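Quick notes on the structure that follows.
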Amino acid sequence: MAVQARLEAHRPRLSLARPIPQTGLIGRHNPPAELDMTVVAIERMEALMGGREITGLIPRRGSIVDALSADPPASPGDRTYRTGPQEPLADIAARYLGARETGNNRMGRDRRMREIFEADSAWTDGTTDGYPWCASFVSLCTQHLIRESEHYQGVRPPRTAGVTAFRSIWAPAQNCAVFMDGDTRYQAHRGDVVVFTFSHIGIVTSTEFGGIRTIEGNTNAAGSREGTVVRRKFRTFDLVRCYVRLPVTS
């Protein structure tokens, strides 16, 4: 119950609309809805603290416990989702066009591929490569944007190799706008991150009739999510699950 009470106190920064249940129960003792809210809150706190692995567990000690024990930070003020400040994300992505793995998701000797794989917190058999890297590429580009722009100083850079983790954990924890085509508030724009329906992710460079132009990692000429290179693509709107836009915090 103490953990749930502290999670509830930090709920605004975790971008959770529903209250955290104060039952003191979790797992098989808890109704699914209550279990989900408690675990989701823990996972978002882990993402907020930049953890190497999202576990849904609270350790006995460490940065997450310290953060929960402290008073919630003051609100950073009103956030906006203007399109202009995020446009450079497309230019950053263009720096990596042509970066190519050697096959089987291995970086080889390409310096840019090493940057991509080491931009996340994933390890496979003691190495930093060997897994699909489209989300790692987007994480790297977003890290550059946050570091190089004065507008995103309140946003914690992502370090995720997973598409779902980027969309469902990191983006909500950082108060990003997550929206779909036809949203009445936002329309896809250069510099938005795009998440596809087939567990793939990229960066929008432009929109046009019938679809979007993108730069994507781990793709190929046929548009696979298991390709070998960073390249430009055209994607139809029916392939888009959602877009992610960073909040302007300064």
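Ligands are numbered from 1 in the order shown, chains are lettered A, B, ... in the order of the structure tokens, and residues start at 1 in each chain.
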
Query raised in the report: Leaving out Ile64 in chain A and any residue of its chain fewer than 2 positions from it, which residues lie within 7 Å of it when counting only C-alpha atoms, given as a ChimeraX atom specification?
Result: /A:46,49,62,66-68

Requested in this report: Report as a ChimeraX atom specification: the residues of range 35-209 of chain A with a DSSP assignment of helix (DSSP H, G or I), based on the backbone of this structure.
Outcome: /A:35-48,63-69,84-86,88-94,111-117,134-148,163-173

Those same residues - C-alpha atoms - I'd like them written as an mmCIF file, in the first residue's frame.
```cif
data_model
loop_
_atom_site.group_PDB
_atom_site.id
_atom_site.type_symbol
_atom_site.label_atom_id
_atom_site.label_comp_id
_atom_site.auth_asym_id
_atom_site.auth_seq_id
_atom_site.Cartn_x
_atom_site.Cartn_y
_atom_site.Cartn_z
ATOM 1 C CA LEU A 35 -3.101 -5.080 -11.332
ATOM 2 C CA ASP A 36 -2.639 -3.348 -14.680
ATOM 3 C CA MET A 37 -2.676 0.166 -13.216
ATOM 4 C CA THR A 38 -0.145 -0.668 -10.492
ATOM 5 C CA VAL A 39 2.236 -2.454 -12.840
ATOM 6 C CA VAL A 40 1.871 0.155 -15.593
ATOM 7 C CA ALA A 41 2.681 2.882 -13.073
ATOM 8 C CA ILE A 42 5.819 1.031 -11.963
ATOM 9 C CA GLU A 43 6.905 0.499 -15.589
ATOM 10 C CA ARG A 44 6.426 4.177 -16.397
ATOM 11 C CA MET A 45 8.453 5.164 -13.345
ATOM 12 C CA GLU A 46 11.216 2.820 -14.512
ATOM 13 C CA ALA A 47 11.154 4.440 -17.966
ATOM 14 C CA LEU A 48 11.167 7.894 -16.413
ATOM 15 C CA SER A 63 16.995 5.307 -7.890
ATOM 16 C CA ILE A 64 13.345 4.308 -8.304
ATOM 17 C CA VAL A 65 12.851 3.895 -4.557
ATOM 18 C CA ASP A 66 14.599 7.229 -3.972
ATOM 19 C CA ALA A 67 12.361 8.938 -6.561
ATOM 20 C CA LEU A 68 9.192 7.505 -5.057
ATOM 21 C CA SER A 69 10.271 8.494 -1.549
ATOM 22 C CA GLY A 84 8.555 23.566 -35.861
ATOM 23 C CA PRO A 85 10.947 22.588 -33.046
ATOM 24 C CA GLN A 86 10.728 18.882 -33.894
ATOM 25 C CA PRO A 88 15.243 18.884 -37.137
ATOM 26 C CA LEU A 89 14.631 15.253 -36.135
ATOM 27 C CA ALA A 90 14.263 14.477 -39.857
ATOM 28 C CA ASP A 91 17.584 16.191 -40.597
ATOM 29 C CA ILE A 92 19.293 14.236 -37.824
ATOM 30 C CA ALA A 93 17.920 10.978 -39.253
ATOM 31 C CA ALA A 94 19.293 11.897 -42.679
ATOM 32 C CA ARG A 111 30.764 3.647 -36.940
ATOM 33 C CA ARG A 112 27.199 4.846 -37.440
ATOM 34 C CA MET A 113 25.821 1.360 -36.814
ATOM 35 C CA ARG A 114 27.751 1.213 -33.546
ATOM 36 C CA GLU A 115 26.132 4.525 -32.547
ATOM 37 C CA ILE A 116 22.696 3.095 -33.287
ATOM 38 C CA PHE A 117 23.152 -0.136 -31.346
ATOM 39 C CA CYS A 134 14.626 0.230 -35.909
ATOM 40 C CA ALA A 135 13.649 1.582 -32.465
ATOM 41 C CA SER A 136 17.306 1.963 -31.472
ATOM 42 C CA PHE A 137 17.759 4.186 -34.525
ATOM 43 C CA VAL A 138 14.804 6.365 -33.539
ATOM 44 C CA SER A 139 16.061 6.490 -29.940
ATOM 45 C CA LEU A 140 19.473 7.691 -31.158
ATOM 46 C CA CYS A 141 17.992 10.423 -33.365
ATOM 47 C CA THR A 142 15.709 11.567 -30.536
ATOM 48 C CA GLN A 143 18.678 11.715 -28.155
ATOM 49 C CA HIS A 144 20.458 14.010 -30.615
ATOM 50 C CA LEU A 145 17.381 16.228 -30.944
ATOM 51 C CA ILE A 146 17.034 16.628 -27.177
ATOM 52 C CA ARG A 147 20.746 17.332 -26.788
ATOM 53 C CA GLU A 148 20.954 19.799 -29.688
ATOM 54 C CA VAL A 163 8.820 -0.295 -30.579
ATOM 55 C CA THR A 164 6.111 -1.030 -28.009
ATOM 56 C CA ALA A 165 8.260 0.324 -25.161
ATOM 57 C CA PHE A 166 8.883 3.531 -27.121
ATOM 58 C CA ARG A 167 5.176 4.053 -27.859
ATOM 59 C CA SER A 168 3.540 2.737 -24.679
ATOM 60 C CA ILE A 169 6.079 3.467 -21.935
ATOM 61 C CA TRP A 170 8.646 6.114 -22.877
ATOM 62 C CA ALA A 171 6.312 8.437 -24.843
ATOM 63 C CA PRO A 172 3.562 8.669 -22.173
ATOM 64 C CA ALA A 173 6.136 9.039 -19.386
#
```

Report task. Mind the document's chain letters and residue numbers, and return as a ChimeraX atom specification the residues of range 200-244 of chain A that DSSP labels strand (DSSP E). Result -> /A:201-208,211-219,229-236,240-244

Query raised in the report: For Ala122 in chain A, which of A:Ile203, A:Ile215, A:Ile54, A:Ala177 is the closest residue, counting only C-alpha atoms?
Result: A:Ile54

Query - Nearby residues (only C-alpha atoms) at most 10 Å from Thr214 in chain A, same-chain spacing under 2 positions excluded, as a list in words - result: Ala90, Ala93, Ala94, Arg190, Gly191, Asp192, Val193, Val194, Ile201, Gly202, Ile203, Val204, Thr205, Ser206, Thr207, Gly211, Ile212, Glu216, Arg231, Arg232, Lys233, Phe234 and Arg235 of chain A

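Near Gly98 in chain A, within 9 Å and counting only C-alpha atoms, sit Arg95, Tyr96, Arg100, Val229, Val230 and Arg231 of chain A; same-chain residues fewer than 2 positions away were not included.
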
Grab the residues selected above and save them as an mmCIF file, in the first residue's frame with all heavy atoms.
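As a result, again-v6.cif now contains:
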```cif
data_model
loop_
_atom_site.group_PDB
_atom_site.id
_atom_site.type_symbol
_atom_site.label_atom_id
_atom_site.label_comp_id
_atom_site.auth_asym_id
_atom_site.auth_seq_id
_atom_site.Cartn_x
_atom_site.Cartn_y
_atom_site.Cartn_z
ATOM 1 N N ARG A 95 21.405 12.049 -41.447
ATOM 2 C CA ARG A 95 22.843 11.840 -41.264
ATOM 3 C C ARG A 95 23.213 10.356 -41.325
ATOM 4 O O ARG A 95 24.365 10.009 -41.590
ATOM 5 C CB ARG A 95 23.299 12.389 -39.909
ATOM 6 C CG ARG A 95 23.032 13.860 -39.658
ATOM 7 C CD ARG A 95 23.419 14.201 -38.228
ATOM 8 N NE ARG A 95 22.898 15.503 -37.804
ATOM 9 C CZ ARG A 95 22.913 15.926 -36.535
ATOM 10 N NH1 ARG A 95 23.429 15.157 -35.590
ATOM 11 N NH2 ARG A 95 22.421 17.115 -36.226
ATOM 12 N N TYR A 96 22.232 9.497 -41.066
ATOM 13 C CA TYR A 96 22.505 8.065 -40.961
ATOM 14 C C TYR A 96 22.048 7.283 -42.196
ATOM 15 O O TYR A 96 22.136 6.051 -42.212
ATOM 16 C CB TYR A 96 21.844 7.506 -39.702
ATOM 17 C CG TYR A 96 22.449 8.086 -38.451
ATOM 18 C CD1 TYR A 96 21.962 9.275 -37.906
ATOM 19 C CD2 TYR A 96 23.552 7.489 -37.840
ATOM 20 C CE1 TYR A 96 22.540 9.839 -36.781
ATOM 21 C CE2 TYR A 96 24.135 8.046 -36.717
ATOM 22 C CZ TYR A 96 23.626 9.229 -36.199
ATOM 23 O OH TYR A 96 24.215 9.792 -35.088
ATOM 24 N N ARG A 100 24.638 0.639 -42.679
ATOM 25 C CA ARG A 100 24.228 -0.726 -43.033
ATOM 26 C C ARG A 100 24.852 -1.742 -42.088
ATOM 27 O O ARG A 100 26.043 -1.675 -41.781
ATOM 28 C CB ARG A 100 24.658 -1.019 -44.474
ATOM 29 C CG ARG A 100 24.195 -2.361 -45.019
ATOM 30 C CD ARG A 100 24.680 -2.557 -46.443
ATOM 31 N NE ARG A 100 24.163 -1.554 -47.342
ATOM 32 C CZ ARG A 100 23.003 -1.655 -47.995
ATOM 33 N NH1 ARG A 100 22.253 -2.734 -47.830
ATOM 34 N NH2 ARG A 100 22.609 -0.686 -48.801
ATOM 35 N N VAL A 229 19.474 -1.720 -43.551
ATOM 36 C CA VAL A 229 20.008 -0.394 -43.842
ATOM 37 C C VAL A 229 19.058 0.711 -43.363
ATOM 38 O O VAL A 229 17.864 0.472 -43.165
ATOM 39 C CB VAL A 229 20.259 -0.259 -45.369
ATOM 40 C CG1 VAL A 229 18.952 -0.261 -46.140
ATOM 41 C CG2 VAL A 229 21.113 0.952 -45.710
ATOM 42 N N VAL A 230 19.622 1.909 -43.193
ATOM 43 C CA VAL A 230 18.813 3.111 -42.967
ATOM 44 C C VAL A 230 18.509 3.709 -44.338
ATOM 45 O O VAL A 230 19.436 4.024 -45.099
ATOM 46 C CB VAL A 230 19.555 4.142 -42.095
ATOM 47 C CG1 VAL A 230 18.716 5.410 -41.946
ATOM 48 C CG2 VAL A 230 19.889 3.560 -40.721
ATOM 49 N N ARG A 231 17.248 3.890 -44.660
ATOM 50 C CA ARG A 231 16.892 4.405 -45.987
ATOM 51 C C ARG A 231 15.575 5.159 -45.940
ATOM 52 O O ARG A 231 14.826 5.090 -44.974
ATOM 53 C CB ARG A 231 16.823 3.274 -47.019
ATOM 54 C CG ARG A 231 15.752 2.243 -46.762
ATOM 55 C CD ARG A 231 15.722 1.208 -47.885
ATOM 56 N NE ARG A 231 15.339 1.829 -49.150
ATOM 57 C CZ ARG A 231 15.768 1.424 -50.339
ATOM 58 N NH1 ARG A 231 16.603 0.420 -50.443
ATOM 59 N NH2 ARG A 231 15.358 2.022 -51.433
#
```

Query raised in the report: Which residue, A:Thr128, A:Thr228, A:Asn175, A:Asn220, has the smallest gap to Tyr152 in chain A when you use only C-alpha atoms?
Result: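 Closest to Tyr152 in chain A of all the choices is A:Asn175.
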
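Picture a line from CA of His189 in chain A to CA of Arg156 in chain A; it runs 21.9 Å.
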
Query - CA of Trp133 in chain A to CA of Val195 in chain A, distance in Å rounded to a single decimal - result: 13.8 Å
